[in-house]
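So this one's data-v4.cif, mmCIF, C-alpha atoms:
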```cif
data_target
loop_
_atom_site.label_atom_id
_atom_site.label_comp_id
_atom_site.auth_asym_id
_atom_site.auth_seq_id
_atom_site.Cartn_x
_atom_site.Cartn_y
_atom_site.Cartn_z
CA MET A 1233 136.41 82.90 139.66
CA ASN A 1234 139.22 84.37 141.77
CA LEU A 1235 141.77 81.68 141.07
CA ASN A 1236 144.57 82.39 138.69
CA GLY A 1237 144.88 80.28 135.52
CA VAL A 1238 147.54 77.86 136.69
CA GLU A 1239 145.82 77.07 140.00
CA GLU A 1240 142.55 76.55 138.19
CA VAL A 1241 144.09 74.09 135.74
CA GLY A 1242 145.72 72.23 138.63
CA ILE A 1243 142.42 71.91 140.47
CA GLN A 1244 140.61 70.81 137.30
CA ALA A 1245 143.33 68.24 136.60
CA GLU A 1246 143.05 66.82 140.11
CA ALA A 1247 139.28 66.63 139.85
CA ALA A 1248 139.57 64.94 136.44
CA MET A 1249 142.01 62.41 137.93
CA ALA A 1250 139.60 61.64 140.80
CA SER A 1251 136.74 61.27 138.32
CA MET A 1252 138.82 58.87 136.19
CA GLN A 1253 139.44 56.75 139.24
CA ALA A 1254 135.73 56.79 140.14
CA HIS A 1255 134.85 55.51 136.66
CA GLY A 1256 137.59 52.86 136.64
CA VAL A 1257 139.54 54.54 133.84
CA ARG A 1258 143.26 53.67 133.75
CA PRO A 1259 145.41 56.78 134.28
CA THR A 1260 147.36 56.79 131.00
CA PRO A 1261 148.32 60.10 129.32
CA SER A 1262 145.86 59.65 126.43
CA ASN A 1263 143.06 58.59 128.80
CA PHE A 1264 143.82 61.64 130.90
CA SER A 1265 143.55 64.01 127.96
CA VAL A 1266 140.14 62.49 127.15
CA TRP A 1267 138.96 62.68 130.74
CA TYR A 1268 140.33 66.17 131.36
CA ALA A 1269 138.42 67.42 128.31
CA TYR A 1270 135.30 65.59 129.52
CA HIS A 1271 135.61 66.95 133.04
CA THR A 1272 136.13 70.55 131.98
CA GLY A 1273 133.45 70.30 129.28
CA GLN A 1274 135.70 72.15 126.84
CA ASN A 1275 134.60 69.89 123.97
CA SER A 1276 130.83 69.60 124.07
CA ASP A 1277 130.62 66.72 121.54
CA LEU A 1278 133.10 64.67 123.54
CA THR A 1279 131.24 65.44 126.77
CA ARG A 1280 127.91 64.43 125.25
CA THR A 1281 129.34 61.22 123.77
CA ILE A 1282 130.71 60.14 127.15
CA ASP A 1283 127.43 61.14 128.82
CA VAL A 1284 125.60 58.84 126.37
CA LEU A 1285 127.94 55.96 127.25
CA LEU A 1286 127.54 56.50 130.99
CA SER A 1287 123.77 57.02 130.96
CA ASN A 1288 123.28 53.83 128.88
CA HIS A 1289 125.62 51.80 131.13
CA CYS A 1290 127.97 51.09 128.21
CA PRO A 1291 131.43 49.98 129.39
CA ILE A 1292 134.16 52.64 129.11
CA ASP A 1293 137.01 50.20 128.54
CA ASP A 1294 140.43 50.69 126.93
CA GLN A 1295 138.99 50.08 123.47
CA ALA A 1296 136.33 52.78 123.95
CA LEU A 1297 138.90 55.22 125.34
CA ASP A 1298 141.26 54.64 122.39
CA GLN A 1299 138.37 55.33 120.05
CA LEU A 1300 137.44 58.50 121.95
CA HIS A 1301 141.02 59.71 121.73
CA GLY A 1302 141.18 58.93 118.02
CA THR A 1303 137.87 60.66 117.33
CA PHE A 1304 138.36 63.86 119.32
CA PHE A 1305 142.13 64.33 119.35
CA LYS A 1306 143.10 64.12 115.69
CA PRO A 1307 146.85 63.83 115.00
CA PRO A 1308 148.53 66.92 113.42
CA VAL A 1309 149.23 67.04 109.69
CA SER A 1310 152.22 64.80 109.02
CA GLU A 1311 155.68 66.27 108.31
CA ARG A 1312 155.67 64.49 105.01
CA ALA A 1313 152.44 66.10 103.84
CA LEU A 1314 153.80 69.48 104.90
CA CYS A 1315 156.97 68.98 102.83
CA GLU A 1316 155.02 67.94 99.77
CA LYS A 1317 152.93 71.08 100.10
CA THR A 1318 156.07 73.25 100.25
CA ILE A 1319 157.54 71.56 97.20
CA ARG A 1320 154.30 72.15 95.30
CA ALA A 1321 154.45 75.82 96.29
CA ARG A 1322 158.01 76.08 95.03
CA ASP A 1323 157.09 74.54 91.68
CA THR A 1324 154.22 76.98 91.26
CA LEU A 1325 156.48 79.91 92.08
CA LYS A 1326 159.15 78.70 89.64
CA THR A 1327 156.57 78.65 86.89
CA VAL A 1328 155.56 82.21 87.76
CA LEU A 1329 159.23 83.25 87.88
CA ASN A 1330 159.85 81.77 84.42
CA LEU A 1331 156.87 83.69 83.07
CA VAL A 1332 158.20 86.92 84.58
CA GLU A 1333 161.68 86.29 83.16
CA LYS A 1334 160.16 85.68 79.76
CA ALA A 1335 158.02 88.82 79.99
CA ARG A 1336 161.12 90.86 80.90
CA SER A 1337 163.17 89.60 77.99
CA ASP A 1338 160.21 90.08 75.63
CA ALA A 1339 159.61 93.66 76.80
CA ASP A 1340 163.26 94.43 77.27
CA GLY A 1341 162.57 95.19 80.91
CA ASN A 1342 160.69 98.38 80.18
CA ASP A 1343 157.35 97.55 81.78
CA ILE A 1344 158.49 95.76 84.89
CA SER A 1345 160.17 97.63 87.67
CA ALA A 1346 163.53 96.46 88.99
CA GLN A 1347 162.06 96.58 92.50
CA PHE A 1348 159.36 94.06 91.61
CA LEU A 1349 161.91 91.69 90.09
CA ALA A 1350 164.09 91.97 93.17
CA ASN A 1351 161.10 91.16 95.36
CA VAL A 1352 160.24 88.11 93.27
CA GLN A 1353 163.86 86.97 93.37
CA SER A 1354 164.09 87.26 97.16
CA LEU A 1355 160.82 85.37 97.51
CA ALA A 1356 162.22 82.66 95.26
CA ASP A 1357 165.39 82.47 97.39
CA LEU A 1358 163.26 82.16 100.51
CA ILE A 1359 161.22 79.34 99.04
CA ASP A 1360 164.38 77.56 97.85
CA SER A 1361 165.88 77.59 101.33
CA LEU A 1362 162.56 76.41 102.75
CA VAL A 1363 162.51 73.51 100.30
CA GLU A 1364 166.09 72.61 101.20
CA GLU A 1365 165.19 72.61 104.87
CA THR A 1366 162.05 70.53 104.46
CA SER A 1367 163.88 68.07 102.19
CA ARG A 1368 166.16 67.31 105.13
CA PHE A 1369 162.97 66.67 107.10
CA VAL A 1370 161.79 64.22 104.43
CA GLY A 1371 165.07 62.33 104.67
CA ARG A 1372 164.69 62.11 108.40
CA SER A 1373 161.08 60.94 108.11
CA GLU A 1374 162.13 58.23 105.68
CA ARG A 1375 164.84 56.97 108.02
CA LEU A 1376 162.20 57.05 110.75
CA GLY A 1377 159.91 55.07 108.43
CA LEU A 1378 162.57 52.38 108.17
CA ASP A 1379 162.81 52.19 111.96
CA LEU A 1380 159.02 51.96 112.10
CA ARG A 1381 159.00 49.07 109.65
CA GLN A 1382 161.60 47.33 111.75
CA SER A 1383 159.50 47.77 114.85
CA SER A 1384 156.26 46.78 113.13
CA ASP A 1385 157.00 43.17 114.08
CA LYS A 1386 157.13 44.27 117.68
CA ILE A 1387 153.84 46.11 117.24
CA ASP A 1388 152.27 42.98 115.71
CA ALA A 1389 153.43 40.96 118.70
CA LEU A 1390 152.05 43.61 121.02
CA GLU A 1391 148.70 43.50 119.24
CA ARG A 1392 148.57 39.73 119.59
CA THR A 1393 149.27 40.10 123.31
CA LEU A 1394 146.49 42.66 123.55
CA ASP A 1395 144.11 40.26 121.75
CA ASP A 1396 145.05 37.54 124.22
CA LEU A 1397 144.43 39.92 127.10
CA ARG A 1398 141.08 40.91 125.66
CA ARG A 1399 140.09 37.25 125.34
CA GLU A 1400 141.35 36.56 128.83
CA ALA A 1401 139.28 39.44 130.14
CA THR A 1402 136.12 37.79 128.79
CA THR A 1403 136.92 34.19 129.72
CA ASP A 1404 136.52 32.38 133.02
CA GLY A 1405 139.92 31.14 134.15
CA LEU A 1406 138.79 27.84 135.67
CA THR A 1407 136.44 26.61 132.95
CA GLY A 1408 137.45 28.41 129.74
CA ILE A 1409 133.83 29.43 129.06
CA ALA A 1410 132.66 33.07 129.05
CA ASN A 1411 132.86 34.99 132.32
CA ARG A 1412 130.24 37.16 133.99
CA ARG A 1413 131.44 40.33 132.28
CA TYR A 1414 131.11 38.79 128.81
CA PHE A 1415 127.69 37.42 129.79
CA ASP A 1416 126.45 40.90 130.78
CA VAL A 1417 127.58 42.48 127.50
CA THR A 1418 126.26 39.58 125.40
CA LEU A 1419 122.87 39.57 127.14
CA GLN A 1420 122.51 43.26 126.31
CA THR A 1421 123.46 42.74 122.65
CA MET A 1422 121.26 39.67 122.19
CA CYS A 1423 118.23 41.19 123.95
CA GLY A 1424 118.64 44.32 121.79
CA ASP A 1425 118.52 42.09 118.70
CA ALA A 1426 115.53 40.17 120.10
CA MET A 1427 113.69 43.43 120.77
CA ASN A 1428 114.32 44.51 117.15
CA SER A 1429 113.48 41.22 115.49
CA GLY A 1430 110.61 40.20 117.76
CA ASP A 1431 112.15 36.74 118.10
CA ASP A 1432 111.99 34.95 121.45
CA LEU A 1433 115.11 34.85 123.60
CA SER A 1434 115.39 32.55 126.59
CA LEU A 1435 117.74 32.48 129.54
CA LEU A 1436 118.74 29.48 131.64
CA LEU A 1437 120.21 29.90 135.11
CA ILE A 1438 121.84 26.67 136.26
CA ASP A 1439 123.07 25.78 139.72
CA ILE A 1440 124.97 22.61 140.72
CA ASP A 1441 123.02 20.62 143.33
CA HIS A 1442 124.57 20.06 146.76
CA PHE A 1443 127.77 21.74 145.70
CA LYS A 1444 128.66 22.81 149.21
CA LYS A 1445 128.56 19.18 150.28
CA VAL A 1446 130.92 18.21 147.42
CA ASN A 1447 133.40 20.84 148.57
CA ASP A 1448 133.08 19.95 152.25
CA THR A 1449 133.34 16.19 151.67
CA TRP A 1450 136.02 15.92 148.96
CA GLY A 1451 137.73 19.30 149.05
CA HIS A 1452 138.08 22.22 146.68
CA ALA A 1453 140.05 20.34 144.00
CA THR A 1454 137.09 18.02 143.47
CA GLY A 1455 134.74 21.00 143.66
CA ASP A 1456 136.71 22.69 140.85
CA ALA A 1457 136.64 19.46 138.81
CA VAL A 1458 132.83 19.32 139.16
CA ILE A 1459 132.54 22.92 137.98
CA GLN A 1460 134.74 22.14 134.95
CA PHE A 1461 132.73 18.99 134.23
CA VAL A 1462 129.44 20.91 134.21
CA ALA A 1463 130.93 23.74 132.09
CA THR A 1464 132.14 21.27 129.44
CA THR A 1465 128.79 19.46 129.37
CA LEU A 1466 126.93 22.77 128.99
CA ALA A 1467 129.19 23.91 126.16
CA GLN A 1468 128.55 20.61 124.34
CA SER A 1469 124.78 20.78 124.86
CA VAL A 1470 124.08 24.08 123.06
CA ARG A 1471 124.24 25.53 119.54
CA GLY A 1472 127.04 27.77 118.28
CA GLN A 1473 124.95 30.92 118.52
CA ASP A 1474 124.16 30.32 122.21
CA CYS A 1475 126.25 31.82 125.00
CA VAL A 1476 127.36 29.66 127.94
CA ALA A 1477 128.87 31.59 130.84
CA ARG A 1478 130.00 31.03 134.39
CA TYR A 1479 127.66 33.32 136.31
CA GLY A 1480 129.51 32.99 139.60
CA GLY A 1481 130.57 30.24 142.02
CA GLU A 1482 128.69 27.05 141.06
CA GLU A 1483 126.13 28.95 139.00
CA PHE A 1484 126.01 29.09 135.18
CA ALA A 1485 123.95 31.00 132.65
CA VAL A 1486 123.01 30.11 129.08
CA ILE A 1487 121.56 32.67 126.66
CA LEU A 1488 119.47 31.09 123.90
CA PRO A 1489 118.60 33.53 121.10
CA THR A 1490 115.63 32.72 118.81
CA THR A 1491 114.39 30.18 121.38
CA SER A 1492 110.89 29.99 122.89
CA ILE A 1493 110.36 29.10 126.54
CA ASP A 1494 109.19 25.58 125.54
CA ALA A 1495 112.29 24.97 123.42
CA ALA A 1496 114.44 26.33 126.27
CA MET A 1497 112.82 23.88 128.73
CA HIS A 1498 113.79 21.16 126.27
CA VAL A 1499 117.40 22.40 126.19
CA GLY A 1500 117.37 22.34 130.00
CA ASP A 1501 116.19 18.73 130.02
CA ASN A 1502 118.87 17.78 127.50
CA ILE A 1503 121.48 19.26 129.82
CA ARG A 1504 120.17 17.19 132.74
CA THR A 1505 120.23 14.02 130.62
CA ALA A 1506 123.74 14.72 129.31
CA LEU A 1507 125.02 15.19 132.88
CA SER A 1508 123.48 11.91 134.06
CA ARG A 1509 125.02 9.98 131.14
CA ARG A 1510 128.53 11.44 131.15
CA PRO A 1511 131.07 9.80 133.46
CA PHE A 1512 132.50 12.23 135.95
CA ALA A 1513 136.25 11.73 136.35
CA ALA A 1514 137.02 12.91 139.86
CA PRO A 1515 140.56 13.59 141.04
CA THR A 1516 139.94 11.40 144.11
CA VAL A 1517 138.79 7.77 144.04
CA GLU A 1518 136.06 8.18 146.62
CA ALA A 1519 134.37 10.90 144.61
CA THR A 1520 134.22 8.95 141.34
CA ALA A 1521 130.81 7.45 142.10
CA HIS A 1522 129.32 10.87 142.71
CA THR A 1523 126.65 11.83 140.20
CA VAL A 1524 126.40 15.49 139.34
CA THR A 1525 122.94 17.00 138.99
CA VAL A 1526 121.79 20.56 138.42
CA SER A 1527 118.69 22.68 138.98
CA ILE A 1528 117.62 24.99 136.15
CA GLY A 1529 115.44 28.12 136.05
CA VAL A 1530 114.17 29.31 132.65
CA ALA A 1531 112.81 32.71 131.64
CA CYS A 1532 111.89 34.20 128.26
CA TYR A 1533 112.79 37.85 127.58
CA ASP A 1534 109.79 40.17 127.60
CA PRO A 1535 110.70 43.24 125.48
CA GLY A 1536 110.46 46.35 127.64
CA GLU A 1537 111.47 44.66 130.89
CA SER A 1538 114.93 45.42 132.28
CA LEU A 1539 117.66 42.82 131.95
CA ALA A 1540 117.87 42.74 135.74
CA GLN A 1541 114.19 41.75 135.80
CA LEU A 1542 114.81 38.97 133.25
CA VAL A 1543 117.65 37.54 135.35
CA GLN A 1544 115.55 37.91 138.50
CA ARG A 1545 112.70 35.89 136.98
CA ALA A 1546 115.08 33.10 135.88
CA ASP A 1547 116.60 33.15 139.37
CA ALA A 1548 113.17 32.85 141.02
CA ALA A 1549 112.41 29.83 138.78
CA LEU A 1550 115.78 28.31 139.76
CA TYR A 1551 114.84 28.80 143.41
CA GLN A 1552 111.58 26.95 142.75
CA ALA A 1553 113.52 24.09 141.12
CA LYS A 1554 115.70 23.84 144.24
CA LYS A 1555 112.74 24.05 146.60
CA THR A 1556 110.74 21.35 144.82
CA GLY A 1557 113.45 18.69 144.96
CA ARG A 1558 116.43 19.72 142.70
CA ASP A 1559 117.60 17.99 139.49
CA ARG A 1560 114.78 19.61 137.50
CA VAL A 1561 113.88 22.43 135.11
CA VAL A 1562 111.32 25.08 136.11
CA ALA A 1563 109.93 27.89 133.93
CA ALA A 1564 109.37 31.39 135.27
CA MET B 533 99.08 67.48 124.30
CA LYS B 534 102.64 67.04 123.08
CA SER B 535 103.28 64.70 120.19
CA CYS B 536 105.90 61.99 119.67
CA LEU B 537 106.76 60.30 116.38
CA ILE B 538 108.18 56.79 116.89
CA VAL B 539 110.29 55.74 113.89
CA ASP B 540 111.31 52.08 113.86
CA ASP B 541 110.94 49.18 111.45
CA SER B 542 110.39 46.79 114.37
CA ARG B 543 106.76 46.25 115.32
CA VAL B 544 107.80 45.09 118.81
CA VAL B 545 109.90 48.20 119.45
CA ARG B 546 107.11 50.50 118.24
CA SER B 547 104.53 48.88 120.49
CA VAL B 548 106.78 48.83 123.58
CA ALA B 549 107.90 52.43 123.00
CA ARG B 550 104.29 53.55 122.39
CA ARG B 551 103.26 52.09 125.76
CA PHE B 552 106.05 53.95 127.62
CA VAL B 553 105.69 57.24 125.71
CA GLU B 554 101.90 57.32 126.08
CA ALA B 555 102.39 56.82 129.82
CA LEU B 556 104.30 60.14 129.75
CA GLY B 557 101.21 61.83 128.29
CA PHE B 558 102.23 62.08 124.63
CA ALA B 559 100.07 61.63 121.54
CA VAL B 560 101.95 59.00 119.53
CA ALA B 561 102.34 58.56 115.77
CA GLU B 562 104.39 55.78 114.16
CA ALA B 563 106.53 55.44 111.03
CA GLN B 564 108.36 52.36 109.76
CA ASP B 565 111.28 54.05 108.03
CA GLY B 566 112.94 57.44 107.50
CA GLN B 567 111.00 58.27 104.35
CA LEU B 568 107.62 57.64 106.00
CA ALA B 569 108.85 59.68 108.97
CA ALA B 570 109.69 62.61 106.65
CA ALA B 571 106.18 62.38 105.19
CA ALA B 572 104.72 62.38 108.71
CA CYS B 573 106.73 65.54 109.51
CA ASP B 574 105.29 67.19 106.38
CA ARG B 575 101.80 66.58 107.74
CA GLN B 576 102.55 67.64 111.30
CA MET B 577 105.90 68.38 112.92
CA PRO B 578 106.10 66.39 116.18
CA ASP B 579 107.55 67.74 119.45
CA VAL B 580 109.84 64.74 119.79
CA VAL B 581 111.09 61.97 117.50
CA LEU B 582 112.22 58.60 118.88
CA LEU B 583 114.47 57.42 116.07
CA ASP B 584 115.89 54.01 115.16
CA TRP B 585 119.16 53.91 113.18
CA ASN B 586 119.03 50.86 110.89
CA MET B 587 115.91 50.90 108.74
CA PRO B 588 115.17 50.09 105.11
CA VAL B 589 114.48 52.81 102.49
CA MET B 590 115.87 55.71 104.58
CA THR B 591 117.97 55.15 107.70
CA GLY B 592 117.55 57.10 110.92
CA ILE B 593 120.71 59.15 110.46
CA GLU B 594 119.70 60.06 106.91
CA PHE B 595 116.29 61.14 108.17
CA LEU B 596 117.92 63.18 110.96
CA ARG B 597 120.11 65.09 108.48
CA HIS B 598 117.11 65.62 106.21
CA LEU B 599 115.06 66.88 109.17
CA ARG B 600 117.71 69.29 110.49
CA ALA B 601 118.17 70.73 106.99
CA ARG B 602 114.48 71.77 106.85
CA ASP B 603 113.45 75.32 107.79
CA ASP B 604 111.25 74.02 110.61
CA GLY B 605 113.51 71.00 111.30
CA ASN B 606 115.21 72.32 114.42
CA LYS B 607 112.03 72.27 116.49
CA PRO B 608 111.64 68.57 117.32
CA ILE B 609 113.80 66.99 119.98
CA VAL B 610 115.37 63.85 118.52
CA ILE B 611 116.23 60.85 120.68
CA MET B 612 118.15 58.14 118.84
CA CYS B 613 117.01 54.66 119.88
CA THR B 614 119.26 51.91 118.55
CA THR B 615 121.35 48.83 119.31
CA GLU B 616 124.40 50.71 117.93
CA ARG B 617 126.42 51.77 120.95
CA ASP B 618 129.95 52.39 119.72
CA ILE B 619 131.57 55.79 119.89
CA SER B 620 131.59 56.47 116.16
CA HIS B 621 127.80 55.99 115.93
CA ILE B 622 127.14 58.09 119.05
CA HIS B 623 129.43 60.85 117.79
CA GLU B 624 127.88 60.79 114.32
CA ALA B 625 124.37 61.12 115.79
CA ILE B 626 125.33 64.04 118.04
CA ALA B 627 127.11 65.78 115.16
CA ALA B 628 123.99 65.32 112.99
CA GLY B 629 121.84 67.01 115.62
CA ALA B 630 120.49 64.28 117.92
CA ASN B 631 119.54 65.57 121.39
CA GLU B 632 119.69 62.27 123.26
CA TYR B 633 120.67 58.66 122.70
CA LEU B 634 118.90 55.59 124.08
CA VAL B 635 120.53 52.18 123.67
CA LYS B 636 118.34 49.11 122.98
CA PRO B 637 117.12 47.07 124.71
CA PHE B 638 115.40 49.73 126.79
CA ASP B 639 112.95 49.55 129.69
CA GLN B 640 110.44 52.07 131.02
CA PRO B 641 112.66 53.77 133.66
CA THR B 642 115.51 54.19 131.14
CA LEU B 643 113.28 55.67 128.43
CA THR B 644 111.58 57.96 130.95
CA ALA B 645 114.98 59.14 132.23
CA LYS B 646 116.05 59.98 128.65
CA PHE B 647 112.87 62.03 128.12
CA GLY B 648 113.60 63.71 131.46
CA ARG B 649 117.11 64.71 130.38
CA VAL B 650 115.67 66.73 127.51
CA GLY B 651 112.92 68.26 129.67
CA LEU B 652 110.05 66.09 128.43
CA ALA B 653 109.25 64.03 131.52
#
```
Produce structure tokens that represent the structure in this file.
Amino acid sequence: MNLNGVEEVGIQAEAAMASMQAHGVRPTPSNFSVWYAYHTGQNSDLTRTIDVLLSNHCPIDDQALDQLHGTFFKPPVSERALCEKTIRARDTLKTVLNLVEKARSDADGNDISAQFLANVQSLADLIDSLVEETSRFVGRSERLGLDLRQSSDKIDALERTLDDLRREATTDGLTGIANRRYFDVTLQTMCGDAMNSGDDLSLLLIDIDHFKKVNDTWGHATGDAVIQFVATTLAQSVRGQDCVARYGGEEFAVILPTTSIDAAMHVGDNIRTALSRRPFAAPTVEATAHTVTVSIGVACYDPGESLAQLVQRADAALYQAKKTGRDRVVAA
Amino acid sequence: MKSCLIVDDSRVVRSVARRFVEALGFAVAEAQDGQLAAAACDRQMPDVVLLDWNMPVMTGIEFLRHLRARDDGNKPIVIMCTTERDISHIHEAIAAGANEYLVKPFDQPTLTAKFGRVGLA
């Protein structure tokens, strides 16, 4: 390569930045150091780890990036540990010095040259000054430790905020149930478990009937209320282990682990019944009498098929439910 | 004919993987845990091992370390095949000598692509 070192680094850094952007990685300093190393391939284990994540469609989110940084960019040995090491060295040398002093007095200084003793003494002086210097470091570190303790409350608060953000990132704002992103990750986890255990796993795709008409007739506020009403009913109609998510618009998805297709059809029917029995409290008087119905497509995971195929089969069944009159459950 | 040893305690995973791997033209042998896999390697060292992580008796990572410590243990290509998909697991597997890493659940195109990345498909 004809470029000089600085130019080369600049070009690599720019390319790494572009690649970060392409993969949706936030441009923080620690993320950049991870991505720069990945892009240049200077750390083959790091490169291979990220390649595994990308080739398996695993999300490279902030959590993953923090972990990458922690794994491949280890912090330097702490000042404190360094000081302790120096002090240990001094103690060892003092012991040696005492032994030498003793030997000299025992032998009346005949066997040990004055030059050697001078060398030992100057080494001892050097170590003493080093210890003095590092002790000042220790004092500073301890004061710093106090500051850290004082700011630990702030860090706790920050962590709570981060937890909230993480929850927010997986929750649908309108309904409070899981969002599409959480659904995608959960479907992968649960299908992986189903593949391992050999247990059935079923998926319901649920679409509100005539939703466009609701919106057009009574407006978006009523439309939103209908979506919330269905979300609440769904959440109350499933077991704790099941995952209810807003799939998009007026469409919902329910993942039912350890559930056969027949049992899933039953769950679908229960949802229909629950919707017909629950009063729908509309924000406008005219809409109160409106009954909310849904169409449901059901598919059971076939180990070895792609998750896209599973969703596609449930979607085709949902389409059949719509086509054959709505307010019904159809199996793929 | 190249040989593939599928190591997994799940009957479903073994049968699905066998179907996909045989379609790539491999002769397939199966083992239900790391210890049985080690015994299978004693009999005949496979060209590739598709290796689960969490298994009773001897886990996949234990088997991998055991394999790579053998005189003839560097020959087989090892593809981890597991639901574990966090960075510490991936890093540990690579450090222990895994060549590729396939996350469960897998489908035929994904498995085939993984075999392709290590020059086997």
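The residues of chain A lying at most 7 Å from chain B, with all atoms listed in the file taken into account, are Asp1277, Thr1281, Val1284, Asn1288, Ala1296, Gln1299, Leu1300, Gln1420, Cys1423, Gly1424, Met1427, Asn1428, Ser1429, Gly1430, Gly1536, Glu1537 and Ser1538 of chain A.
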Given only C-alpha atoms as the counted atoms, nearest of B:Arg575, B:Cys613, B:Phe647, B:Pro608 to Val539 in chain B | B:Cys613
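Using all atoms listed in the file, the contacts of Met590 in chain B at a cut-off of 7 Å, with sequence neighbours closer than 2 positions omitted, comprise Asp565, Gly566, Gln567, Met587, Pro588, Gly592, Glu594 and Phe595 of chain B.
Reported to one decimal place, the separation of CA of Pro1291 in chain A from CA of Leu1278 in chain A is 15.9 Å.
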Length of the CA of Val1562 in chain A to CA of Gly1529 in chain A vector [Å] | 5.1 Å
Within 8 Å of (101.4, 65.3, 118.7) (coordinates as in the file), grab all the protein and nucleic acid residues, counting only C-alpha atoms, and write them out as a tab-separated table (two decimals) with C-alpha atoms, keeping the file's coordinate frame.
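Result saved to result.tsv:
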```tsv
chain	number	residue	atom	x	y	z
B	533	MET	CA	99.08	67.48	124.30
B	534	LYS	CA	102.64	67.04	123.08
B	535	SER	CA	103.28	64.70	120.19
B	536	CYS	CA	105.90	61.99	119.67
B	537	LEU	CA	106.76	60.30	116.38
B	558	PHE	CA	102.23	62.08	124.63
B	559	ALA	CA	100.07	61.63	121.54
B	560	VAL	CA	101.95	59.00	119.53
B	561	ALA	CA	102.34	58.56	115.77
B	576	GLN	CA	102.55	67.64	111.30
B	577	MET	CA	105.90	68.38	112.92
B	578	PRO	CA	106.10	66.39	116.18
B	579	ASP	CA	107.55	67.74	119.45
```
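Taking CA of Leu1437 in chain A and CA of Phe1484 in chain A as endpoints, the distance between them is 5.9 Å.
Taking all atoms listed in the file into account, Thr1418 in chain A lies nearest to A:Gln1473 out of the set A:Ser1527, A:Gln1473, A:Ser1492, A:Ser1265.
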Could you pull the residues within 10 Å of Ala1553 in chain A, counting only C-alpha atoms, minus those fewer than 4 positions along the same chain, as a PyMOL selection string?
-> chain A and resi 1438-1439+1526-1530+1547-1549+1557-1563
Written file, previous selection with C-alpha atoms, as a PDB file, keeping the file's coordinate frame:
```pdb
ATOM      1  CA  ILE A1438     121.840  26.670 136.260  1.00  0.00           C
ATOM      2  CA  ASP A1439     123.070  25.780 139.720  1.00  0.00           C
ATOM      3  CA  VAL A1526     121.790  20.560 138.420  1.00  0.00           C
ATOM      4  CA  SER A1527     118.690  22.680 138.980  1.00  0.00           C
ATOM      5  CA  ILE A1528     117.620  24.990 136.150  1.00  0.00           C
ATOM      6  CA  GLY A1529     115.440  28.120 136.050  1.00  0.00           C
ATOM      7  CA  VAL A1530     114.170  29.310 132.650  1.00  0.00           C
ATOM      8  CA  ASP A1547     116.600  33.150 139.370  1.00  0.00           C
ATOM      9  CA  ALA A1548     113.170  32.850 141.020  1.00  0.00           C
ATOM     10  CA  ALA A1549     112.410  29.830 138.780  1.00  0.00           C
ATOM     11  CA  GLY A1557     113.450  18.690 144.960  1.00  0.00           C
ATOM     12  CA  ARG A1558     116.430  19.720 142.700  1.00  0.00           C
ATOM     13  CA  ASP A1559     117.600  17.990 139.490  1.00  0.00           C
ATOM     14  CA  ARG A1560     114.780  19.610 137.500  1.00  0.00           C
ATOM     15  CA  VAL A1561     113.880  22.430 135.110  1.00  0.00           C
ATOM     16  CA  VAL A1562     111.320  25.080 136.110  1.00  0.00           C
ATOM     17  CA  ALA A1563     109.930  27.890 133.930  1.00  0.00           C
TER      18      ALA A1563
END
```
From the list A:Ala1248, A:Ala1477, A:His1255, A:Asp1283, which residue is nearest His1271 in chain A when using only C-alpha atoms?
-> A:Ala1248
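Nearest-residue note for Ala653 in chain B: choosing from B:Cys573, B:Ile538, B:Val580, B:Glu562, the minimum distance belongs to B:Val580, counting all atoms listed in the file.
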Write out as number ranges by chain which residues come within 9 Å of Gly1408 in chain A when counting only C-alpha atoms, dropping same-chain ones fewer than 2 positions away.
-> A: 1403-1406, 1410-1411, 1460, 1463-1464
Taking 5 positions as the minimum chain separation for residues in the same chain, which residues sit within 9 Å of Leu1297 in chain A when counting all atoms listed in the file? Answer as a PDB file with C-alpha atoms, keeping the file's coordinate frame.
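Now in around34.pdb:
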```pdb
ATOM      1  CA  VAL A1257     139.540  54.540 133.840  1.00  0.00           C
ATOM      2  CA  SER A1262     145.860  59.650 126.430  1.00  0.00           C
ATOM      3  CA  ASN A1263     143.060  58.590 128.800  1.00  0.00           C
ATOM      4  CA  VAL A1266     140.140  62.490 127.150  1.00  0.00           C
ATOM      5  CA  ILE A1292     134.160  52.640 129.110  1.00  0.00           C
ATOM      6  CA  GLY A1302     141.180  58.930 118.020  1.00  0.00           C
TER       7      GLY A1302
END
```
With the input short on atoms, add N, CA and C atoms back to range 1494-1498 of chain A and write it as a PDB file, in the coordinates of the input.
```
ATOM      1  N   ASP A1494     109.349  27.045 125.629  1.00  0.00           N
ATOM      2  CA  ASP A1494     109.190  25.580 125.540  1.00  0.00           C
ATOM      3  C   ASP A1494     110.468  24.929 125.023  1.00  0.00           C
ATOM      4  N   ALA A1495     111.038  25.514 123.979  1.00  0.00           N
ATOM      5  CA  ALA A1495     112.290  24.970 123.420  1.00  0.00           C
ATOM      6  C   ALA A1495     113.407  25.078 124.453  1.00  0.00           C
ATOM      7  N   ALA A1496     113.403  26.144 125.243  1.00  0.00           N
ATOM      8  CA  ALA A1496     114.440  26.330 126.270  1.00  0.00           C
ATOM      9  C   ALA A1496     114.305  25.293 127.383  1.00  0.00           C
ATOM     10  N   MET A1497     113.047  24.942 127.732  1.00  0.00           N
ATOM     11  CA  MET A1497     112.820  23.880 128.730  1.00  0.00           C
ATOM     12  C   MET A1497     113.422  22.570 128.223  1.00  0.00           C
ATOM     13  N   HIS A1498     113.269  22.356 126.910  1.00  0.00           N
ATOM     14  CA  HIS A1498     113.790  21.160 126.270  1.00  0.00           C
ATOM     15  C   HIS A1498     115.322  21.141 126.357  1.00  0.00           C
TER      16      HIS A1498
END
```
